[in-house]
>>> print(open('start-v6.pdb').read())   # PDB, C-alpha atoms
ATOM      1  CA  MET V   1       0.000   0.000   0.000
ATOM      2  CA  LYS V   2       1.162   3.526  -0.795
ATOM      3  CA  VAL V   3       1.176   6.408   1.670
ATOM      4  CA  LYS V   4      -1.284   8.288  -0.556
ATOM      5  CA  ASP V   5      -3.788   5.421  -0.198
ATOM      6  CA  ILE V   6      -3.619   5.856   3.585
ATOM      7  CA  VAL V   7      -4.059   9.611   3.205
ATOM      8  CA  ASP V   8      -7.241   9.041   1.177
ATOM      9  CA  ALA V   9      -8.677   6.304   3.387
ATOM     10  CA  LEU V  10      -8.103   8.116   6.695
ATOM     11  CA  LYS V  11      -8.755  11.596   5.278
ATOM     12  CA  LEU V  12      -5.383  12.837   6.535
ATOM     13  CA  ARG V  13      -4.071  16.343   5.934
ATOM     14  CA  VAL V  14      -0.711  16.400   4.162
ATOM     15  CA  LEU V  15       1.344  19.012   6.029
ATOM     16  CA  ALA V  16       4.653  18.359   4.290
ATOM     17  CA  GLY V  17       6.706  15.893   2.271
ATOM     18  CA  GLU V  18       4.244  15.566  -0.604
ATOM     19  CA  LYS V  19       6.944  14.087  -2.852
ATOM     20  CA  GLY V  20       7.045  11.048  -0.557
ATOM     21  CA  LEU V  21       3.375  10.101  -0.983
ATOM     22  CA  ASN V  22       4.271   7.281  -3.365
ATOM     23  CA  ARG V  23       6.377   5.563  -0.714
ATOM     24  CA  GLU V  24       5.448   2.015   0.169
ATOM     25  CA  ALA V  25       3.896   1.689   3.672
ATOM     26  CA  ASN V  26       4.313  -1.524   5.574
ATOM     27  CA  GLY V  27       3.665  -1.990   9.294
ATOM     28  CA  VAL V  28       2.886   0.615  11.942
ATOM     29  CA  TYR V  29       4.925   1.835  14.877
ATOM     30  CA  THR V  30       3.675   4.181  17.567
ATOM     31  CA  CYS V  31       5.933   5.577  20.278
ATOM     32  CA  ASP V  32       7.177   8.989  21.410
ATOM     33  CA  LEU V  33      10.479   7.997  22.985
ATOM     34  CA  LEU V  34      12.941   8.523  20.163
ATOM     35  CA  SER V  35      15.622   6.073  21.308
ATOM     36  CA  TRP V  36      12.984   3.384  21.556
ATOM     37  CA  VAL V  37      11.795   4.183  18.061
ATOM     38  CA  MET V  38      15.386   4.124  16.777
ATOM     39  CA  SER V  39      15.965   0.639  18.098
ATOM     40  CA  HIS V  40      12.598  -0.921  17.215
ATOM     41  CA  GLY V  41      11.202   0.880  14.158
ATOM     42  CA  LYS V  42      11.488  -0.838  10.789
ATOM     43  CA  LYS V  43      11.877   0.302   7.206
ATOM     44  CA  ASN V  44       8.637   1.478   5.528
ATOM     45  CA  ASN V  45       6.751   1.655   8.854
ATOM     46  CA  VAL V  46       4.046   4.258   9.337
ATOM     47  CA  TRP V  47       5.116   6.145  12.488
ATOM     48  CA  ILE V  48       2.533   7.703  14.792
ATOM     49  CA  THR V  49       3.922  10.212  17.295
ATOM     50  CA  VAL V  50       2.874  13.315  19.219
ATOM     51  CA  GLN V  51       6.416  14.702  18.905
ATOM     52  CA  ILE V  52       6.456  17.682  16.551
ATOM     53  CA  HIS V  53      10.053  18.977  16.645
ATOM     54  CA  PRO V  54      12.420  18.720  13.643
ATOM     55  CA  ASN V  55      14.352  15.757  15.013
ATOM     56  CA  ILE V  56      11.452  13.397  14.187
ATOM     57  CA  VAL V  57      12.337  13.910  10.522
ATOM     58  CA  ALA V  58      15.916  12.790  11.216
ATOM     59  CA  VAL V  59      14.619   9.638  12.928
ATOM     60  CA  ALA V  60      12.123   8.892  10.150
ATOM     61  CA  SER V  61      14.727   9.483   7.472
ATOM     62  CA  LEU V  62      17.399   7.317   9.135
ATOM     63  CA  LEU V  63      14.946   4.440   9.610
ATOM     64  CA  GLU V  64      13.356   4.983   6.175
ATOM     65  CA  PHE V  65       9.850   5.259   7.562
ATOM     66  CA  SER V  66       7.158   5.727   4.943
ATOM     67  CA  CYS V  67       5.522   8.670   6.735
ATOM     68  CA  ILE V  68       4.763  10.291  10.084
ATOM     69  CA  ILE V  69       1.174  10.636  11.313
ATOM     70  CA  ILE V  70       0.501  13.294  13.955
ATOM     71  CA  PRO V  71      -2.646  12.507  15.938
ATOM     72  CA  GLU V  72      -5.358  14.714  17.447
ATOM     73  CA  ASN V  73      -4.771  17.689  15.148
ATOM     74  CA  ILE V  74      -1.578  18.685  16.948
ATOM     75  CA  SER V  75       0.046  21.507  15.010
ATOM     76  CA  VAL V  76       3.588  20.891  13.821
ATOM     77  CA  GLU V  77       6.551  23.268  14.049
ATOM     78  CA  GLU V  78       7.381  25.058  10.806
ATOM     79  CA  THR V  79      11.054  23.968  10.909
ATOM     80  CA  THR V  80       9.875  20.353  11.108
ATOM     81  CA  LEU V  81       7.787  20.805   7.959
ATOM     82  CA  THR V  82      10.698  22.436   6.142
ATOM     83  CA  LYS V  83      12.960  19.512   7.012
ATOM     84  CA  ALA V  84      10.289  17.021   5.983
ATOM     85  CA  ASN V  85      10.032  18.714   2.581
ATOM     86  CA  GLU V  86      13.804  18.474   2.186
ATOM     87  CA  GLU V  87      13.820  14.784   3.067
ATOM     88  CA  ASN V  88      10.556  13.922   1.256
ATOM     89  CA  ILE V  89       9.063  12.436   4.425
ATOM     90  CA  PRO V  90       5.277  12.957   4.420
ATOM     91  CA  ILE V  91       3.952  14.479   7.641
ATOM     92  CA  LEU V  92       0.250  13.731   7.920
ATOM     93  CA  GLN V  93      -2.195  15.108  10.434
ATOM     94  CA  SER V  94      -5.288  13.359  11.771
ATOM     95  CA  ASN V  95      -8.123  14.348  14.081
ATOM     96  CA  LEU V  96      -8.119  10.795  15.496
ATOM     97  CA  ASN V  97      -5.991   9.750  18.473
ATOM     98  CA  ALA V  98      -3.087   7.312  18.140
ATOM     99  CA  TYR V  99      -5.185   4.284  19.089
ATOM    100  CA  GLU V 100      -7.959   5.137  16.646
ATOM    101  CA  ILE V 101      -5.403   5.653  13.874
ATOM    102  CA  CYS V 102      -3.928   2.206  14.625
ATOM    103  CA  VAL V 103      -7.393   0.639  14.411
ATOM    104  CA  GLU V 104      -8.056   2.270  11.037
ATOM    105  CA  LEU V 105      -4.633   1.256   9.694
ATOM    106  CA  ASN V 106      -5.278  -2.284  10.844
ATOM    107  CA  LYS V 107      -8.567  -2.322   8.918
ATOM    108  CA  LEU V 108      -6.635  -1.224   5.830
ATOM    109  CA  GLY V 109      -4.171  -4.062   6.346
ATOM    110  CA  VAL V 110      -1.100  -1.814   6.587
TER     111      VAL V 110
ATOM    112  CA  MET X   1      46.218  -8.413   7.153
ATOM    113  CA  LEU X   2      46.250  -4.696   7.712
ATOM    114  CA  MET X   3      43.157  -3.123   6.209
ATOM    115  CA  GLU X   4      43.571   0.132   4.390
ATOM    116  CA  GLU X   5      41.527   3.152   5.400
ATOM    117  CA  LEU X   6      39.342   4.068   2.431
ATOM    118  CA  LEU X   7      37.998   7.372   3.625
ATOM    119  CA  SER X   8      37.430   9.501   6.647
ATOM    120  CA  VAL X   9      34.722  12.076   7.340
ATOM    121  CA  LYS X  10      34.238  14.423  10.257
ATOM    122  CA  TYR X  11      31.127  16.328  11.305
ATOM    123  CA  ASP X  12      30.924  19.012  13.975
ATOM    124  CA  VAL X  13      28.032  18.549  16.404
ATOM    125  CA  ILE X  14      26.642  21.625  18.135
ATOM    126  CA  SER X  15      25.315  21.588  21.689
ATOM    127  CA  GLY X  16      21.549  22.090  21.957
ATOM    128  CA  ASP X  17      20.971  22.127  18.187
ATOM    129  CA  PHE X  18      17.990  19.803  17.886
ATOM    130  CA  ILE X  19      17.206  21.123  14.407
ATOM    131  CA  ARG X  20      20.505  19.997  12.852
ATOM    132  CA  GLY X  21      20.910  17.107  15.295
ATOM    133  CA  GLY X  22      20.914  13.911  13.256
ATOM    134  CA  GLU X  23      22.500  15.474  10.160
ATOM    135  CA  ALA X  24      25.876  13.834  10.758
ATOM    136  CA  SER X  25      24.150  10.447  10.914
ATOM    137  CA  SER X  26      22.097  11.273   7.805
ATOM    138  CA  ASN X  27      25.179  12.280   5.828
ATOM    139  CA  LEU X  28      27.024   9.168   6.944
ATOM    140  CA  LYS X  29      24.071   7.014   5.935
ATOM    141  CA  LYS X  30      24.034   8.482   2.410
ATOM    142  CA  LEU X  31      27.746   7.789   2.110
ATOM    143  CA  LEU X  32      27.387   4.166   3.275
ATOM    144  CA  ASN X  33      24.522   3.575   0.851
ATOM    145  CA  GLN X  34      26.672   4.958  -1.976
ATOM    146  CA  LEU X  35      29.400   2.517  -0.976
ATOM    147  CA  GLY X  36      26.901  -0.343  -1.218
ATOM    148  CA  ILE X  37      27.110  -1.433   2.412
ATOM    149  CA  ARG X  38      24.434  -4.008   3.358
ATOM    150  CA  SER X  39      21.237  -2.318   4.574
ATOM    151  CA  ASP X  40      20.983  -4.149   7.928
ATOM    152  CA  VAL X  41      24.558  -3.088   8.709
ATOM    153  CA  VAL X  42      23.805   0.500   7.647
ATOM    154  CA  LYS X  43      20.847   0.497  10.032
ATOM    155  CA  ARG X  44      23.024  -0.580  12.980
ATOM    156  CA  ILE X  45      25.561   2.104  12.097
ATOM    157  CA  CYS X  46      22.753   4.695  11.866
ATOM    158  CA  VAL X  47      21.327   3.769  15.283
ATOM    159  CA  ALA X  48      24.750   3.952  16.940
ATOM    160  CA  CYS X  49      25.746   7.162  15.179
ATOM    161  CA  TYR X  50      22.418   8.918  15.808
ATOM    162  CA  GLU X  51      22.446   8.081  19.520
ATOM    163  CA  ALA X  52      26.050   9.234  19.856
ATOM    164  CA  GLU X  53      25.293  12.417  17.928
ATOM    165  CA  MET X  54      22.198  13.228  20.011
ATOM    166  CA  ASN X  55      24.136  12.554  23.204
ATOM    167  CA  ILE X  56      26.565  15.288  22.168
ATOM    168  CA  VAL X  57      23.618  17.630  21.340
ATOM    169  CA  ILE X  58      21.767  16.912  24.601
ATOM    170  CA  HIS X  59      24.494  16.460  27.191
ATOM    171  CA  SER X  60      27.680  18.175  26.076
ATOM    172  CA  VAL X  61      29.091  21.591  25.267
ATOM    173  CA  GLY X  62      29.687  20.343  21.725
ATOM    174  CA  GLY X  63      32.001  18.036  19.847
ATOM    175  CA  TYR X  64      32.304  15.998  16.700
ATOM    176  CA  ILE X  65      31.605  12.690  15.020
ATOM    177  CA  GLN X  66      34.404  11.196  12.971
ATOM    178  CA  ALA X  67      33.932   8.105  10.851
ATOM    179  CA  LYS X  68      36.767   6.130   9.329
ATOM    180  CA  ILE X  69      35.751   3.608   6.728
ATOM    181  CA  TYR X  70      37.926   0.586   6.008
ATOM    182  CA  ASN X  71      37.396  -2.333   3.623
ATOM    183  CA  ASP X  72      35.857  -4.479   6.328
ATOM    184  CA  ARG X  73      34.519  -2.074   8.970
ATOM    185  CA  ILE X  74      33.645   1.412  10.112
ATOM    186  CA  GLU X  75      35.168   3.082  13.138
ATOM    187  CA  ILE X  76      33.202   5.953  14.602
ATOM    188  CA  ILE X  77      34.661   8.342  17.142
ATOM    189  CA  ALA X  78      32.148  10.505  19.005
ATOM    190  CA  TYR X  79      34.039  13.100  20.979
ATOM    191  CA  ASP X  80      32.784  15.990  23.075
ATOM    192  CA  ASN X  81      34.472  18.618  25.204
ATOM    193  CA  GLY X  82      32.660  17.878  28.435
ATOM    194  CA  PRO X  83      31.220  17.971  31.012
ATOM    195  CA  GLY X  84      32.195  14.287  31.135
ATOM    196  CA  ILE X  85      30.564  11.323  32.869
ATOM    197  CA  PRO X  86      31.332  10.801  36.590
ATOM    198  CA  ASP X  87      30.111   7.184  36.733
ATOM    199  CA  ILE X  88      30.290   5.354  33.399
ATOM    200  CA  GLU X  89      28.866   2.118  34.785
ATOM    201  CA  LEU X  90      25.768   3.986  35.959
ATOM    202  CA  ALA X  91      25.472   5.853  32.642
ATOM    203  CA  MET X  92      25.523   2.521  30.787
ATOM    204  CA  GLN X  93      22.497   1.251  32.721
ATOM    205  CA  GLU X  94      19.327   1.189  30.661
ATOM    206  CA  GLY X  95      16.831   3.725  32.015
ATOM    207  CA  TYR X  96      19.390   5.944  33.748
ATOM    208  CA  SER X  97      19.442   9.451  32.322
ATOM    209  CA  THR X  98      20.602  12.928  33.275
ATOM    210  CA  ALA X  99      18.773  14.643  30.399
ATOM    211  CA  SER X 100      17.029  17.956  31.052
ATOM    212  CA  GLU X 101      13.259  18.288  31.400
ATOM    213  CA  ILE X 102      13.100  19.980  27.992
ATOM    214  CA  ALA X 103      15.022  17.135  26.328
ATOM    215  CA  ARG X 104      12.704  14.604  27.992
ATOM    216  CA  GLU X 105       9.614  16.385  26.713
ATOM    217  CA  MET X 106      11.086  16.086  23.236
ATOM    218  CA  GLY X 107      11.252  12.324  23.611
ATOM    219  CA  PHE X 108      14.913  12.049  24.573
ATOM    220  CA  GLY X 109      16.382  11.055  27.896
ATOM    221  CA  GLY X 110      14.972   7.550  28.170
ATOM    222  CA  GLY X 111      18.348   6.314  29.332
ATOM    223  CA  MET X 112      18.625   4.156  26.240
ATOM    224  CA  GLY X 113      21.232   5.968  24.183
ATOM    225  CA  LEU X 114      24.428   4.334  25.399
ATOM    226  CA  PRO X 115      22.887   0.831  25.716
ATOM    227  CA  ASN X 116      21.520   1.198  22.162
ATOM    228  CA  ILE X 117      24.977   2.129  20.906
ATOM    229  CA  LYS X 118      26.573  -0.829  22.648
ATOM    230  CA  ARG X 119      23.947  -3.234  21.296
ATOM    231  CA  SER X 120      24.398  -1.956  17.753
ATOM    232  CA  SER X 121      28.195  -2.171  17.838
ATOM    233  CA  ASP X 122      30.604  -5.045  17.398
ATOM    234  CA  GLU X 123      33.115  -3.226  19.581
ATOM    235  CA  PHE X 124      32.360  -0.330  21.884
ATOM    236  CA  TYR X 125      34.720   1.679  24.078
ATOM    237  CA  ILE X 126      33.882   4.642  26.285
ATOM    238  CA  THR X 127      36.268   6.897  28.157
ATOM    239  CA  SER X 128      35.523  10.103  29.997
ATOM    240  CA  GLU X 129      37.056  12.613  32.331
ATOM    241  CA  VAL X 130      34.855  14.937  34.362
ATOM    242  CA  GLY X 131      35.228  18.551  33.263
ATOM    243  CA  LYS X 132      37.146  17.523  30.141
ATOM    244  CA  TYR X 133      35.690  15.093  27.637
ATOM    245  CA  THR X 134      33.737  11.979  26.735
ATOM    246  CA  LYS X 135      34.945   9.786  23.895
ATOM    247  CA  LEU X 136      33.143   6.849  22.333
ATOM    248  CA  LYS X 137      34.768   4.476  19.887
ATOM    249  CA  ILE X 138      32.344   2.323  17.943
ATOM    250  CA  ILE X 139      33.429  -0.406  15.545
ATOM    251  CA  ILE X 140      30.983  -2.171  13.251
ATOM    252  CA  TYR X 141      32.069  -4.802  10.722
ATOM    253  CA  PHE X 142      30.433  -4.944   7.312
ATOM    254  CA  ASP X 143      30.087  -8.733   7.199
TER     255      ASP X 143
END
>>> encode(input="start-v6.pdb", output="structure tokens")
Amino acid sequence: MKVKDIVDALKLRVLAGEKGLNREANGVYTCDLLSWVMSHGKKNNVWITVQIHPNIVAVASLLEFSCIIIPENISVEETTLTKANEENIPILQSNLNAYEICVELNKLGV
Amino acid sequence: MLMEELLSVKYDVISGDFIRGGEASSNLKKLLNQLGIRSDVVKRICVACYEAEMNIVIHSVGGYIQAKIYNDRIEIIAYDNGPGIPDIELAMQEGYSTASEIAREMGFGGGMGLPNIKRSSDEFYITSEVGKYTKLKIIIYFD
């Protein structure tokens, strides 16, 4: 499944990284402790986090995550969006909470 | 057999710069991918390098990451100019952290950095002197 398919199905807002919407998405990881994410996240994972600072883009890029989903309409720092555009990492915003996003992604078979 | 050093890169790491923090690791990753290093090995190198880099950003007054690439391995030196670690054994314990409240709110300071580095490395050495420096040497083999 492509990131853009998830965007359509969950009606996510694309805040940045539009060029990465054709990335392949496989598996979901949700955690806000960055060292934990670094050691357990896998390539092409969809990452759900409430962290909004620019370093999340570094983590996502190093682990080759497909995209980052920000739950509960949390607004994201401008510098984070700029970095995401540079790295082509889609940052997607949802009105759902992390659990509800996981449920919807599970239904999609991500 | 003595392995020849193929190339060496060095990146300055600035204290408190969470915006550029991770760039050294990103640049190193691009280089390793260009060299055709196996992806699971690149991932281990990235984890170790990122944690070392963020440690310098979070805990130190600044320093550098130097990577020397050989035919069979990479050697990463992460050096900072202090404040140093008083009790290395304690610092190596998973869950122990001295990170600031601000760093914790950003999702750092879980006390996992050094253990993650050690786990990702084939060889790992840490030396430190309070008020002077902390130096990590990380060796990861390509095969």
>>> residues_around(input="start-v6.pdb", residues="range 65-73 of chain V", least_positions_apart="5", cutoff="8 Å", atoms="all atoms listed in the file", output="NGL selection string")
:V and (3 or 20 or 23-26 or 42-52 or 60 or 89-98 or 101)
>>> resolve_selection(input="start-v6.pdb", expression="the PyMOL selection byres ((chain V) within 7 of (chain X))", output="number ranges by chain")
V: 32-35, 38-39, 51, 54-55, 58, 62
>>> resolve_selection(input="start-v6.pdb", expression="the PyMOL selection byres ((chain V and resi 77) around 10)", output="CSV table (one decimal) with C-alpha atoms, in the coordinates of the input")
chain,number,residue,atom,x,y,z
V,51,GLN,CA,6.4,14.7,18.9
V,52,ILE,CA,6.5,17.7,16.6
V,53,HIS,CA,10.1,19.0,16.6
V,54,PRO,CA,12.4,18.7,13.6
V,74,ILE,CA,-1.6,18.7,16.9
V,75,SER,CA,0.0,21.5,15.0
V,76,VAL,CA,3.6,20.9,13.8
V,78,GLU,CA,7.4,25.1,10.8
V,79,THR,CA,11.1,24.0,10.9
V,80,THR,CA,9.9,20.4,11.1
V,81,LEU,CA,7.8,20.8,8.0
V,82,THR,CA,10.7,22.4,6.1
>>> closest_residue(input="start-v6.pdb", among="X:Ala99, X:Ala52, X:Val130, X:Ile69", to="Gly84 in chain X", atoms="all atoms listed in the file")
X:Val130
>>> axis_aligned_box(input="start-v6.pdb", around="range 29-41 of chain V", padding_each_side="8 Å", output="lines of an AutoDock Vina configuration file")
center_x = 9.8
center_y = 4.0
center_z = 18.6
size_x = 28.3
size_y = 25.9
size_z = 24.8
>>> atom_distance(input="start-v6.pdb", atom1="CA of Asn88 in chain V", atom2="CA of Lys4 in chain V")
13.2 Å
>>> residues_around(input="start-v6.pdb", residues="Gln66 in chain X", least_positions_apart="4", cutoff="9 Å", atoms="all atoms listed in the file", output="number ranges by chain")
X: 8-12, 75-79
>>> write_last_selection(input="start-v6.pdb", atoms="C-alpha atoms", output="tab-separated table (two decimals), keeping the file's coordinate frame")
chain	number	residue	atom	x	y	z
X	8	SER	CA	37.43	9.50	6.65
X	9	VAL	CA	34.72	12.08	7.34
X	10	LYS	CA	34.24	14.42	10.26
X	11	TYR	CA	31.13	16.33	11.30
X	12	ASP	CA	30.92	19.01	13.98
X	75	GLU	CA	35.17	3.08	13.14
X	76	ILE	CA	33.20	5.95	14.60
X	77	ILE	CA	34.66	8.34	17.14
X	78	ALA	CA	32.15	10.50	19.00
X	79	TYR	CA	34.04	13.10	20.98
>>> resolve_selection(input="start-v6.pdb", expression="the PyMOL selection byres ((chain X and resi 127) around 12)", output="list in words")
Ile77, Ala78, Tyr79, Asp80, Gly82, Gly84, Ile85, Pro86, Asp87, Ile88, Glu89, Ala91, Met92, Phe124, Tyr125, Ile126, Ser128, Glu129, Val130, Lys132, Tyr133, Thr134, Lys135, Leu136, Lys137 and Ile138 of chain X
>>> atom_distance(input="start-v6.pdb", atom1="CA of Gly41 in chain V", atom2="CA of Leu28 in chain X")
19.3 Å
>>> atom_distance(input="start-v6.pdb", atom1="CA of Tyr96 in chain X", atom2="CA of Gly63 in chain X")
22.3 Å
>>> residues_near_point(input="start-v6.pdb", point="(13.9, 15.4, 5.0)", cutoff="6 Å", atoms="only C-alpha atoms", output="ChimeraX atom specification")
/V:57,83-89
>>> write_last_selection(input="start-v6.pdb", atoms="C-alpha atoms", output="PDB file, in the coordinates of the input")
ATOM      1  CA  VAL V  57      12.337  13.910  10.522  1.00  0.00           C
ATOM      2  CA  LYS V  83      12.960  19.512   7.012  1.00  0.00           C
ATOM      3  CA  ALA V  84      10.289  17.021   5.983  1.00  0.00           C
ATOM      4  CA  ASN V  85      10.032  18.714   2.581  1.00  0.00           C
ATOM      5  CA  GLU V  86      13.804  18.474   2.186  1.00  0.00           C
ATOM      6  CA  GLU V  87      13.820  14.784   3.067  1.00  0.00           C
ATOM      7  CA  ASN V  88      10.556  13.922   1.256  1.00  0.00           C
ATOM      8  CA  ILE V  89       9.063  12.436   4.425  1.00  0.00           C
TER       9      ILE V  89
END
>>> build_atoms(input="start-v6.pdb", residues="range 89-107 of chain V", atoms="N, CA, C and O atoms", output="JSON list (two decimals), in the coordinates of the input")
[["chain", "number", "residue", "atom", "x", "y", "z"],
["V", 89, "ILE", "N", 9.78, 13.28, 3.46],
["V", 89, "ILE", "CA", 9.06, 12.44, 4.42],
["V", 89, "ILE", "C", 7.67, 13.05, 4.64],
["V", 89, "ILE", "O", 7.56, 14.16, 5.19],
["V", 90, "PRO", "N", 6.61, 12.38, 4.22],
["V", 90, "PRO", "CA", 5.28, 12.96, 4.42],
["V", 90, "PRO", "C", 4.95, 13.09, 5.91],
["V", 90, "PRO", "O", 5.14, 12.14, 6.68],
["V", 91, "ILE", "N", 4.49, 14.28, 6.29],
["V", 91, "ILE", "CA", 3.95, 14.48, 7.64],
["V", 91, "ILE", "C", 2.45, 14.69, 7.49],
["V", 91, "ILE", "O", 2.00, 15.60, 6.80],
["V", 92, "LEU", "N", 1.69, 13.79, 8.11],
["V", 92, "LEU", "CA", 0.25, 13.73, 7.92],
["V", 92, "LEU", "C", -0.44, 13.98, 9.25],
["V", 92, "LEU", "O", 0.01, 13.49, 10.28],
["V", 93, "GLN", "N", -1.52, 14.75, 9.20],
["V", 93, "GLN", "CA", -2.19, 15.11, 10.43],
["V", 93, "GLN", "C", -3.60, 14.49, 10.44],
["V", 93, "GLN", "O", -4.29, 14.49, 9.43],
["V", 94, "SER", "N", -3.97, 13.99, 11.63],
["V", 94, "SER", "CA", -5.29, 13.36, 11.77],
["V", 94, "SER", "C", -6.02, 13.94, 12.97],
["V", 94, "SER", "O", -5.40, 14.35, 13.94],
["V", 95, "ASN", "N", -7.36, 13.94, 12.90],
["V", 95, "ASN", "CA", -8.12, 14.35, 14.08],
["V", 95, "ASN", "C", -8.30, 13.19, 15.07],
["V", 95, "ASN", "O", -8.69, 13.39, 16.21],
["V", 96, "LEU", "N", -7.99, 11.97, 14.63],
["V", 96, "LEU", "CA", -8.12, 10.80, 15.50],
["V", 96, "LEU", "C", -6.95, 10.73, 16.49],
["V", 96, "LEU", "O", -5.90, 11.32, 16.26],
["V", 97, "ASN", "N", -7.13, 9.97, 17.57],
["V", 97, "ASN", "CA", -5.99, 9.75, 18.47],
["V", 97, "ASN", "C", -5.17, 8.55, 17.99],
["V", 97, "ASN", "O", -5.57, 7.84, 17.05],
["V", 98, "ALA", "N", -4.03, 8.33, 18.63],
["V", 98, "ALA", "CA", -3.09, 7.31, 18.14],
["V", 98, "ALA", "C", -3.74, 5.93, 18.06],
["V", 98, "ALA", "O", -3.56, 5.19, 17.09],
["V", 99, "TYR", "N", -4.53, 5.60, 19.08],
["V", 99, "TYR", "CA", -5.18, 4.28, 19.09],
["V", 99, "TYR", "C", -6.15, 4.15, 17.91],
["V", 99, "TYR", "O", -6.15, 3.14, 17.19],
["V", 100, "GLU", "N", -6.97, 5.20, 17.73],
["V", 100, "GLU", "CA", -7.96, 5.14, 16.65],
["V", 100, "GLU", "C", -7.28, 5.05, 15.27],
["V", 100, "GLU", "O", -7.77, 4.36, 14.38],
["V", 101, "ILE", "N", -6.15, 5.74, 15.14],
["V", 101, "ILE", "CA", -5.40, 5.65, 13.87],
["V", 101, "ILE", "C", -4.92, 4.22, 13.65],
["V", 101, "ILE", "O", -5.04, 3.67, 12.56],
["V", 102, "CYS", "N", -4.39, 3.60, 14.72],
["V", 102, "CYS", "CA", -3.93, 2.21, 14.62],
["V", 102, "CYS", "C", -5.06, 1.28, 14.18],
["V", 102, "CYS", "O", -4.86, 0.41, 13.33],
["V", 103, "VAL", "N", -6.24, 1.48, 14.77],
["V", 103, "VAL", "CA", -7.39, 0.64, 14.41],
["V", 103, "VAL", "C", -7.71, 0.78, 12.92],
["V", 103, "VAL", "O", -7.89, -0.22, 12.21],
["V", 104, "GLU", "N", -7.73, 2.03, 12.45],
["V", 104, "GLU", "CA", -8.06, 2.27, 11.04],
["V", 104, "GLU", "C", -6.98, 1.68, 10.12],
["V", 104, "GLU", "O", -7.30, 1.10, 9.07],
["V", 105, "LEU", "N", -5.72, 1.81, 10.52],
["V", 105, "LEU", "CA", -4.63, 1.26, 9.69],
["V", 105, "LEU", "C", -4.71, -0.26, 9.66],
["V", 105, "LEU", "O", -4.45, -0.89, 8.64],
["V", 106, "ASN", "N", -5.11, -0.83, 10.78],
["V", 106, "ASN", "CA", -5.28, -2.28, 10.84],
["V", 106, "ASN", "C", -6.37, -2.74, 9.88],
["V", 106, "ASN", "O", -6.21, -3.74, 9.16],
["V", 107, "LYS", "N", -7.47, -1.99, 9.84],
["V", 107, "LYS", "CA", -8.57, -2.32, 8.92],
["V", 107, "LYS", "C", -8.08, -2.28, 7.47],
["V", 107, "LYS", "O", -8.52, -3.07, 6.64]]
